[in-house]
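First up is the structure itself, then whatever we jot down about it.
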Protein chains: 2
Amino acid sequence: MGRIFKERTPVDEALRLFLENISTLKKTEEIPLEACAGRVLAEAVTSERDVPHYRRAAMDGYAVRASDTLGASPANPVMLQLSDRIEEGSSGWVHTGAAVPEEADAVVMVEDTATAGNFVEIRAQVYPSRNVGQVGEDIRKGDLVFEKGHLLRPCDAAVLASLGSGSVRVFKKPVVAVIPTGDELVSRKKSADVPPPGKVLETNGLMTALYVNKWGGIPRCTEIVPDNPESIKNAVETNLDADMILLSGGTSVGKRDHAPEVVATLGKLLVHGIGASPGKPAALGIINHIPVVCLPGYPVAGLVALYFFVRPGIRKLAATPEIPELILKRRLAAKISSKIGYINFIRVVFEGDKVRPLTGAGAGVLSSVAKADGYVLVPEDIEGYDEGEEVDVFLIE
Amino acid sequence: MGRIFKERTPVDEALRLFLENISTLKKTEEIPLEACAGRVLAEAVTSERDVPHYRRAAMDGYAVRASDTLGASPANPVMLQLSDRIEEGSSGWVHTGAAVPEEADAVVMVEDTATAGNFVEIRAQVYPSRNVGQVGEDIRKGDLVFEKGHLLRPCDAAVLASLGSGSVRVFKKPVVAVIPTGDELVSRKKSADVPPPGKVLETNGLMTALYVNKWGGIPRCTEIVPDNPESIKNAVETNLDADMILLSGGTSVGKRDHAPEVVATLGKLLVHGIGASPGKPAALGIINHIPVVCLPGYPVAGLVALYFFVRPGIRKLAATPEIPELILKRRLAAKISSKIGYINFIRVVFEGDKVRPLTGAGAGVLSSVAKADGYVLVPEDIEGYDEGEEVDVFLIE
């Protein structure tokens, strides 16, 4: 009793230590293109085809031999005979995307022509290859189309399909075990009634599972585990086949907080206590190369640990490439006071073109997050921001 | 033949006209909280419970009557007897989140105490309600928790769960029919072999379906429809039970471009020809109150129409609330030249802290999108941007 946090690791240092201990998963799987959006390529893709695979008309118009159009102009058109087979002095209609007949080497766009009986009047001179897409002009056989590690988007699926692929090899999604702990917890699956005093419905597991899913992991939720080291140890050991383990609750330094010590017993506790408010009791560890995050049971503190550690952890496991972080710049509608020595996670709501901090909501008040549109992070060494100051706002997703 | 676009509607005007004709869907469904992330609430949620539903200790420590701690300090502690039942002169251990015994009105945090046998030494004075979360402090019975139209996030699911909800009523996702048209198209489902010259694998339908899904719609893909007005008309008519119809291909002004005229025949063609490059041949219409977009068959032009019209259209149908658009500011590694009178959709790649435009890639070259990380939109009245200028970059998702 009376234990307090002896240390408090700065968030960036804690994250660095954590990521250093995480290896990207090597497991891959072949999936249909219909399911590939958001997945990461496990191997480079080179084309086995030329795209286009034939000489393609780039315009609606008339296929010609360019040499036949020499000097053609509106005032001085050239007359060519319409024919299916192009030869000197003849021409044939092609629509955009059609194959240009072998003997033709250019297309005169329809706007520069007029038809008269069996003849077409060519009103513009074209050079060889004009309005003709050459074989392999878009993608050449043997070209590297995507590098390994590329994050697949819907437009990329279309490119792969155009190469004749029906499926693609991607990294498997990490399986993330979500283990809610706490004697006070009651499963909402068993009864949604108001629990007796001192008991609460378990809800952090649901929130965590939905974030894991959103960030590209496959959540695997366990039953509620009581607050004793043996039970937590068993729960962790039966989930060592997962790629990441999240223990929710029991991370602080009270009598009933056993999660970090279980991690230390089974593996290595990297960090216990971080410089974030809320979020201080979070712990990070590694057991058998499997990253473990102890999420504080207070829901807002748990959310902070999810954002700070679980999201980047899943991204590293899944080989998700870095994308530039999208940040909004907004002015504050009211001042923010912040605790020195901690990154302060301040929930904010949009108010016109400003943001207003939600004050007076502790780490236990999840409804403050429900009200919030986003958050502002106040660095450790700053006491806060003044009204009217411009701050970086992150959306709560 | 020889028809050209008589008009060219500016993109913002086209979008305004299109959205004006779209009504948000009224259809709703009840879904489990496990599936609610990203969905939009179809009704306001008010709480039927107090949260917390009991007086909750906010700290590990000793429940006391505040009046018993009067004047307590480290130098001058107050001794209280340990007891399960609190009365004058006694105190009992509570952990964070536990119910505070009825007779107690405050909690002294463990750091301000020491135990000695059957007594606890209280070293700090507390005022009534100190470290005690009152009933309904987070959410009060009858409180409006979420408004109708709220976009549900994982943290919101936890709030709903804490109120005892297991499910939630949301707007149904719009069903979007995706109809690829074109005599040149070959189904990649039937054969992935290289098609004969003049034929190409159908891939726009796949790209469109994956974007529809990403943006919150349910794609419903049809077979390839040949380039004749009757077939296109039939395909549209059999999909009038959808919430939006997307026709891919046949949108230009060539002999084989029938999509816009079919829309005009069955309903109202709002726009044909937009001030975007690529993307000019796009058309927008309404048939029986169902929004219809004719996507150009050229894949990059089709992508532009998806971004400009289909994404906002689906959002309006689905009642998805506006979120601030996230934009990156980057300097150009090379100049951009742009066509006056059109919004130019310039694909760019990241290059250090700059972006480099991908030049020389026409509307037909989807591989240019595969290479691109994002795009820059050059407004109609600007000829381009100089090297080194700062531009707004949108990520290609």
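Every chain in the structure tokens has a letter given in the order shown (A, B, ...), and although residue numbers restart at 1 in each chain, ligands are simply numbered from 1 in the order shown.
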Using DSSP on the backbone coordinates, identify all residues within segment 121-164 of chain B classified as strand (DSSP E); present the result as a ChimeraX atom specification. /B:121-122,132-133,144-146
Output file for the selection above: C-alpha atoms, as a short mmCIF file (atom, residue, chain, number, x, y, z; two decimals), in the first residue's frame:
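And here's out05.cif as it stands now:
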```
data_model
loop_
_atom_site.label_atom_id
_atom_site.label_comp_id
_atom_site.auth_asym_id
_atom_site.auth_seq_id
_atom_site.Cartn_x
_atom_site.Cartn_y
_atom_site.Cartn_z
CA GLU B 121 -3.20 7.65 10.48
CA ILE B 122 -4.84 10.40 8.40
CA VAL B 132 -15.94 10.70 -4.26
CA GLY B 133 -17.65 10.49 -7.64
CA LEU B 144 -28.99 13.65 -23.96
CA VAL B 145 -25.88 11.57 -24.64
CA PHE B 146 -25.73 11.65 -28.44
#
```
Per-residue nearest contacts of segment 176-267 of chain A to segment 47-71 of chain B (12 Å; only C-alpha atoms) as JSON lines:
```
{"residue": "A:Glu184", "atom": "CA", "partner": "B:Arg56", "partner_atom": "CA", "distance": 11.5}
{"residue": "A:Ala192", "atom": "CA", "partner": "B:Arg49", "partner_atom": "CA", "distance": 11.4}
{"residue": "A:Asp193", "atom": "CA", "partner": "B:Arg49", "partner_atom": "CA", "distance": 10.0}
{"residue": "A:Val194", "atom": "CA", "partner": "B:His53", "partner_atom": "CA", "distance": 7.7}
{"residue": "A:Pro195", "atom": "CA", "partner": "B:His53", "partner_atom": "CA", "distance": 8.4}
{"residue": "A:Pro196", "atom": "CA", "partner": "B:Tyr54", "partner_atom": "CA", "distance": 8.4}
{"residue": "A:Pro197", "atom": "CA", "partner": "B:Tyr54", "partner_atom": "CA", "distance": 5.4}
{"residue": "A:Gly198", "atom": "CA", "partner": "B:Tyr54", "partner_atom": "CA", "distance": 7.1}
{"residue": "A:Lys199", "atom": "CA", "partner": "B:Tyr54", "partner_atom": "CA", "distance": 9.0}
{"residue": "A:Val200", "atom": "CA", "partner": "B:Pro52", "partner_atom": "CA", "distance": 8.4}
{"residue": "A:Leu201", "atom": "CA", "partner": "B:Pro52", "partner_atom": "CA", "distance": 10.6}
{"residue": "A:Ser252", "atom": "CA", "partner": "B:Asp60", "partner_atom": "CA", "distance": 9.9}
{"residue": "A:Val253", "atom": "CA", "partner": "B:Asp60", "partner_atom": "CA", "distance": 9.3}
{"residue": "A:Gly254", "atom": "CA", "partner": "B:Asp60", "partner_atom": "CA", "distance": 6.7}
{"residue": "A:Lys255", "atom": "CA", "partner": "B:Asp60", "partner_atom": "CA", "distance": 8.6}
{"residue": "A:Arg256", "atom": "CA", "partner": "B:Asp60", "partner_atom": "CA", "distance": 9.8}
{"residue": "A:Asp257", "atom": "CA", "partner": "B:Asp60", "partner_atom": "CA", "distance": 10.9}
```
Go ahead and dump the residues you just picked, N, CA and C atoms, as a tab-separated table (two decimals), in the first residue's frame.
```tsv
chain	number	residue	atom	x	y	z
A	184	GLU	N	-14.35	-5.73	-10.22
A	184	GLU	CA	-15.54	-4.88	-10.23
A	184	GLU	C	-16.35	-5.03	-11.53
A	192	ALA	N	-27.49	-6.80	-18.89
A	192	ALA	CA	-27.31	-5.37	-19.10
A	192	ALA	C	-27.99	-4.57	-18.01
A	193	ASP	N	-28.52	-5.27	-16.98
A	193	ASP	CA	-29.15	-4.56	-15.86
A	193	ASP	C	-28.13	-3.69	-15.15
A	194	VAL	N	-28.64	-2.74	-14.38
A	194	VAL	CA	-27.73	-1.93	-13.57
A	194	VAL	C	-27.09	-2.86	-12.54
A	195	PRO	N	-25.76	-2.94	-12.53
A	195	PRO	CA	-25.10	-3.85	-11.59
A	195	PRO	C	-25.21	-3.30	-10.15
A	196	PRO	N	-24.92	-4.13	-9.15
A	196	PRO	CA	-24.95	-3.64	-7.76
A	196	PRO	C	-23.87	-2.58	-7.54
A	197	PRO	N	-24.00	-1.77	-6.46
A	197	PRO	CA	-22.98	-0.75	-6.19
A	197	PRO	C	-21.60	-1.37	-6.12
A	198	GLY	N	-20.63	-0.68	-6.67
A	198	GLY	CA	-19.26	-1.20	-6.66
A	198	GLY	C	-18.94	-2.06	-7.87
A	199	LYS	N	-19.98	-2.43	-8.61
A	199	LYS	CA	-19.77	-3.22	-9.83
A	199	LYS	C	-20.12	-2.34	-11.05
A	200	VAL	N	-19.43	-2.56	-12.14
A	200	VAL	CA	-19.74	-1.81	-13.37
A	200	VAL	C	-19.70	-2.74	-14.58
A	201	LEU	N	-20.45	-2.35	-15.60
A	201	LEU	CA	-20.43	-3.13	-16.84
A	201	LEU	C	-19.06	-2.99	-17.50
A	252	SER	N	-2.31	0.19	-12.16
A	252	SER	CA	-1.79	1.25	-11.30
A	252	SER	C	-0.91	0.64	-10.21
A	253	VAL	N	-0.84	1.27	-9.06
A	253	VAL	CA	0.06	0.77	-8.01
A	253	VAL	C	-0.73	0.44	-6.75
A	254	GLY	N	-2.02	0.14	-6.94
A	254	GLY	CA	-2.84	-0.21	-5.78
A	254	GLY	C	-2.71	-1.69	-5.45
A	255	LYS	N	-3.39	-2.08	-4.37
A	255	LYS	CA	-3.37	-3.48	-3.92
A	255	LYS	C	-3.85	-4.45	-5.00
A	256	ARG	N	-4.80	-3.95	-5.84
A	256	ARG	CA	-5.41	-4.86	-6.80
A	256	ARG	C	-4.82	-4.71	-8.20
A	257	ASP	N	-3.68	-4.05	-8.30
A	257	ASP	CA	-3.08	-3.80	-9.62
A	257	ASP	C	-1.96	-4.79	-9.86
```
Segment 223-238 of chain A: which residues within 9 Å, counting only C-alpha atoms, same-chain residues fewer than 2 positions away excluded, as a list in words?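 Contacts, with the query itself left out: Ala177, Ile179, Pro180, Thr181, Gly182, Asp183, Glu184, Leu185, Val186, Ser187, Glu202, Cys221, Leu240, Asp241, Ile245, Leu247, Gly249, Gly250, Arg256, Asp257, His258, Ala259, Glu261, Val262, Val263, Thr265 and Leu266 of chain A.
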May I have the residues from that selection written out with C-alpha atoms, as an mmCIF file, in the first residue's frame?
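This went into out_18.cif:
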```
data_model
loop_
_atom_site.group_PDB
_atom_site.id
_atom_site.type_symbol
_atom_site.label_atom_id
_atom_site.label_comp_id
_atom_site.auth_asym_id
_atom_site.auth_seq_id
_atom_site.Cartn_x
_atom_site.Cartn_y
_atom_site.Cartn_z
ATOM 1 C CA ALA A 177 -5.899 -10.450 -27.582
ATOM 2 C CA ILE A 179 -8.181 -9.166 -21.848
ATOM 3 C CA PRO A 180 -10.379 -7.130 -19.502
ATOM 4 C CA THR A 181 -9.378 -7.535 -15.847
ATOM 5 C CA GLY A 182 -11.105 -6.420 -12.678
ATOM 6 C CA ASP A 183 -13.182 -7.815 -9.813
ATOM 7 C CA GLU A 184 -15.541 -4.877 -10.232
ATOM 8 C CA LEU A 185 -16.428 -5.796 -13.811
ATOM 9 C CA VAL A 186 -19.677 -7.410 -14.880
ATOM 10 C CA SER A 187 -20.076 -8.831 -18.387
ATOM 11 C CA GLU A 202 -17.273 -4.033 -18.749
ATOM 12 C CA CYS A 221 -11.733 -10.698 -26.703
ATOM 13 C CA LEU A 240 0.599 -16.223 -26.206
ATOM 14 C CA ASP A 241 -0.424 -17.365 -29.673
ATOM 15 C CA ILE A 245 -1.784 -8.727 -25.893
ATOM 16 C CA LEU A 247 -4.577 -6.156 -20.609
ATOM 17 C CA GLY A 249 -7.255 -2.555 -15.908
ATOM 18 C CA GLY A 250 -5.075 -3.300 -12.901
ATOM 19 C CA ARG A 256 -5.405 -4.857 -6.799
ATOM 20 C CA ASP A 257 -3.084 -3.804 -9.618
ATOM 21 C CA HIS A 258 -1.284 -6.903 -10.819
ATOM 22 C CA ALA A 259 -1.027 -6.562 -14.590
ATOM 23 C CA GLU A 261 3.960 -7.451 -12.307
ATOM 24 C CA VAL A 262 2.512 -10.386 -14.245
ATOM 25 C CA VAL A 263 4.193 -9.012 -17.381
ATOM 26 C CA THR A 265 7.146 -12.282 -14.234
ATOM 27 C CA LEU A 266 6.432 -13.774 -17.643
#
```
Excluding Ile314 of chain A and its own-chain neighbours fewer than 3 positions away, which residues fall within 10 Å of it when counting only C-alpha atoms? Please give them as a list in words. Leu19, Ile22, Thr24, Lys173, Pro174, Val175, Val176, Val212, Trp215, Gly216, Gly217, Ile218, Asp243, Met244, Pro291, Phe309, Val310, Arg311, Leu317, Ala318, Ala319 and Thr320 of chain A
Could you dump the residues just selected with C-alpha atoms as a JSON list (two decimals), in the first residue's frame?
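And here is the file that came out, again.json:
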```json
[["chain", "number", "residue", "atom", "x", "y", "z"],
["A", 19, "LEU", "CA", 8.56, -0.24, -31.06],
["A", 22, "ILE", "CA", 8.30, -5.18, -31.95],
["A", 24, "THR", "CA", 6.93, -6.87, -38.20],
["A", 173, "LYS", "CA", -3.48, -8.89, -39.93],
["A", 174, "PRO", "CA", -2.10, -9.11, -36.39],
["A", 175, "VAL", "CA", -4.30, -10.95, -33.92],
["A", 176, "VAL", "CA", -4.68, -8.83, -30.80],
["A", 212, "VAL", "CA", -7.98, -2.70, -32.88],
["A", 215, "TRP", "CA", -6.36, 0.12, -36.98],
["A", 216, "GLY", "CA", -5.94, -3.11, -38.93],
["A", 217, "GLY", "CA", -5.80, -5.79, -36.26],
["A", 218, "ILE", "CA", -8.07, -8.72, -35.54],
["A", 243, "ASP", "CA", 0.53, -11.18, -31.99],
["A", 244, "MET", "CA", -0.16, -8.57, -29.32],
["A", 291, "PRO", "CA", 4.23, -6.93, -27.27],
["A", 309, "PHE", "CA", 1.00, 2.78, -28.08],
["A", 310, "VAL", "CA", -1.50, 0.33, -29.53],
["A", 311, "ARG", "CA", -2.04, 2.15, -32.81],
["A", 317, "LEU", "CA", 3.34, -5.47, -36.61],
["A", 318, "ALA", "CA", 1.29, -5.13, -39.78],
["A", 319, "ALA", "CA", 4.02, -3.35, -41.79],
["A", 320, "THR", "CA", 1.65, -0.49, -42.46]]
```
Determine, counting only C-alpha atoms, which protein, DNA and RNA residues have an atom within 7 Å of an atom of Ile327 of chain A; residues of the same chain fewer than 2 positions away are not included. Present the result as a PyMOL selection string. (chain A and resi 325+329+392-394) or (chain B and resi 326)
Among segment 173-307 of chain A, which ones does DSSP assign to helix (DSSP H, G or I) (computed from the backbone)? Answer as number ranges by chain. A: 204-214, 229-237, 259-266, 299-307
Considering only C-alpha atoms, return as a PDB file with C-alpha atoms, in the first residue's frame whatever protein or nucleic-acid residues lie within 12 Å of Gly374 of chain A, sequence-local ones (same chain, fewer than 3 positions apart) excluded.
```pdb
ATOM      1  CA  ILE A 327      -3.512  17.751 -38.334  1.00  0.00           C
ATOM      2  CA  LEU A 328      -5.960  20.599 -38.116  1.00  0.00           C
ATOM      3  CA  LYS A 329      -4.804  24.034 -37.021  1.00  0.00           C
ATOM      4  CA  ARG A 330      -7.395  25.762 -34.857  1.00  0.00           C
ATOM      5  CA  PHE A 345      -4.517  14.912 -23.574  1.00  0.00           C
ATOM      6  CA  ILE A 346      -7.099  17.682 -23.740  1.00  0.00           C
ATOM      7  CA  ARG A 347     -10.448  16.850 -25.271  1.00  0.00           C
ATOM      8  CA  VAL A 348     -11.882  19.618 -27.442  1.00  0.00           C
ATOM      9  CA  VAL A 349     -15.089  20.394 -29.325  1.00  0.00           C
ATOM     10  CA  PHE A 350     -15.376  22.421 -32.508  1.00  0.00           C
ATOM     11  CA  GLU A 351     -17.008  25.785 -31.983  1.00  0.00           C
ATOM     12  CA  LYS A 354     -12.229  27.449 -33.061  1.00  0.00           C
ATOM     13  CA  VAL A 355     -11.961  24.588 -30.600  1.00  0.00           C
ATOM     14  CA  ARG A 356     -13.101  24.700 -26.991  1.00  0.00           C
ATOM     15  CA  PRO A 357     -11.412  22.503 -24.378  1.00  0.00           C
ATOM     16  CA  LEU A 358     -13.713  20.303 -22.292  1.00  0.00           C
ATOM     17  CA  SER A 368     -16.239  13.628 -22.109  1.00  0.00           C
ATOM     18  CA  VAL A 369     -14.769  11.738 -25.043  1.00  0.00           C
ATOM     19  CA  ALA A 370     -18.221  11.132 -26.464  1.00  0.00           C
ATOM     20  CA  LYS A 371     -18.712  14.905 -26.421  1.00  0.00           C
ATOM     21  CA  LEU A 377      -1.686  17.396 -26.864  1.00  0.00           C
ATOM     22  CA  VAL A 391      -3.004  24.592 -31.653  1.00  0.00           C
ATOM     23  CA  ASP A 392      -2.754  21.268 -33.492  1.00  0.00           C
ATOM     24  CA  VAL A 393      -6.018  19.353 -33.251  1.00  0.00           C
ATOM     25  CA  PHE A 394      -6.219  15.591 -33.839  1.00  0.00           C
ATOM     26  CA  LEU A 395      -9.613  14.124 -34.659  1.00  0.00           C
ATOM     27  CA  ILE A 396     -10.933  11.349 -32.430  1.00  0.00           C
ATOM     28  CA  GLU A 397     -11.610   8.549 -34.861  1.00  0.00           C
TER      29      GLU A 397
ATOM     30  CA  ARG B 153     -16.658   5.975 -32.917  1.00  0.00           C
ATOM     31  CA  CYS B 155     -15.187   5.298 -27.715  1.00  0.00           C
ATOM     32  CA  ILE B 323     -15.883  16.503 -40.766  1.00  0.00           C
ATOM     33  CA  PRO B 324     -13.202  19.102 -41.365  1.00  0.00           C
TER      34      PRO B 324
END
```
Write out as an NGL selection string the residues lying within 9 Å of Phe171 of chain A, counting only C-alpha atoms and excluding same-chain residues fewer than 4 positions away. :A and (25-30 or 39-43 or 149 or 318-319)
Pairwise distance for atom CA of Lys339 of chain A and atom CA of Ser73 of chain B, rounded to one decimal in Å: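 Calculated distance between atom CA of Lys339 of chain A and atom CA of Ser73 of chain B is 24.5 Å.
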Compare A:Leu15, A:Ile290, A:Leu306, A:Val78 by their minimum atom-to-atom distance to chain B, counting only C-alpha atoms, and give me the closest one. A:Leu306
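Atom pair atom CA of Ser162 of chain A / atom CA of Ile31 of chain A has a distance of 16.6 Å (rounded to one decimal).
Of note, atom CA of Val304 of chain B and atom CA of Ala282 of chain B are spaced 9.1 Å apart.
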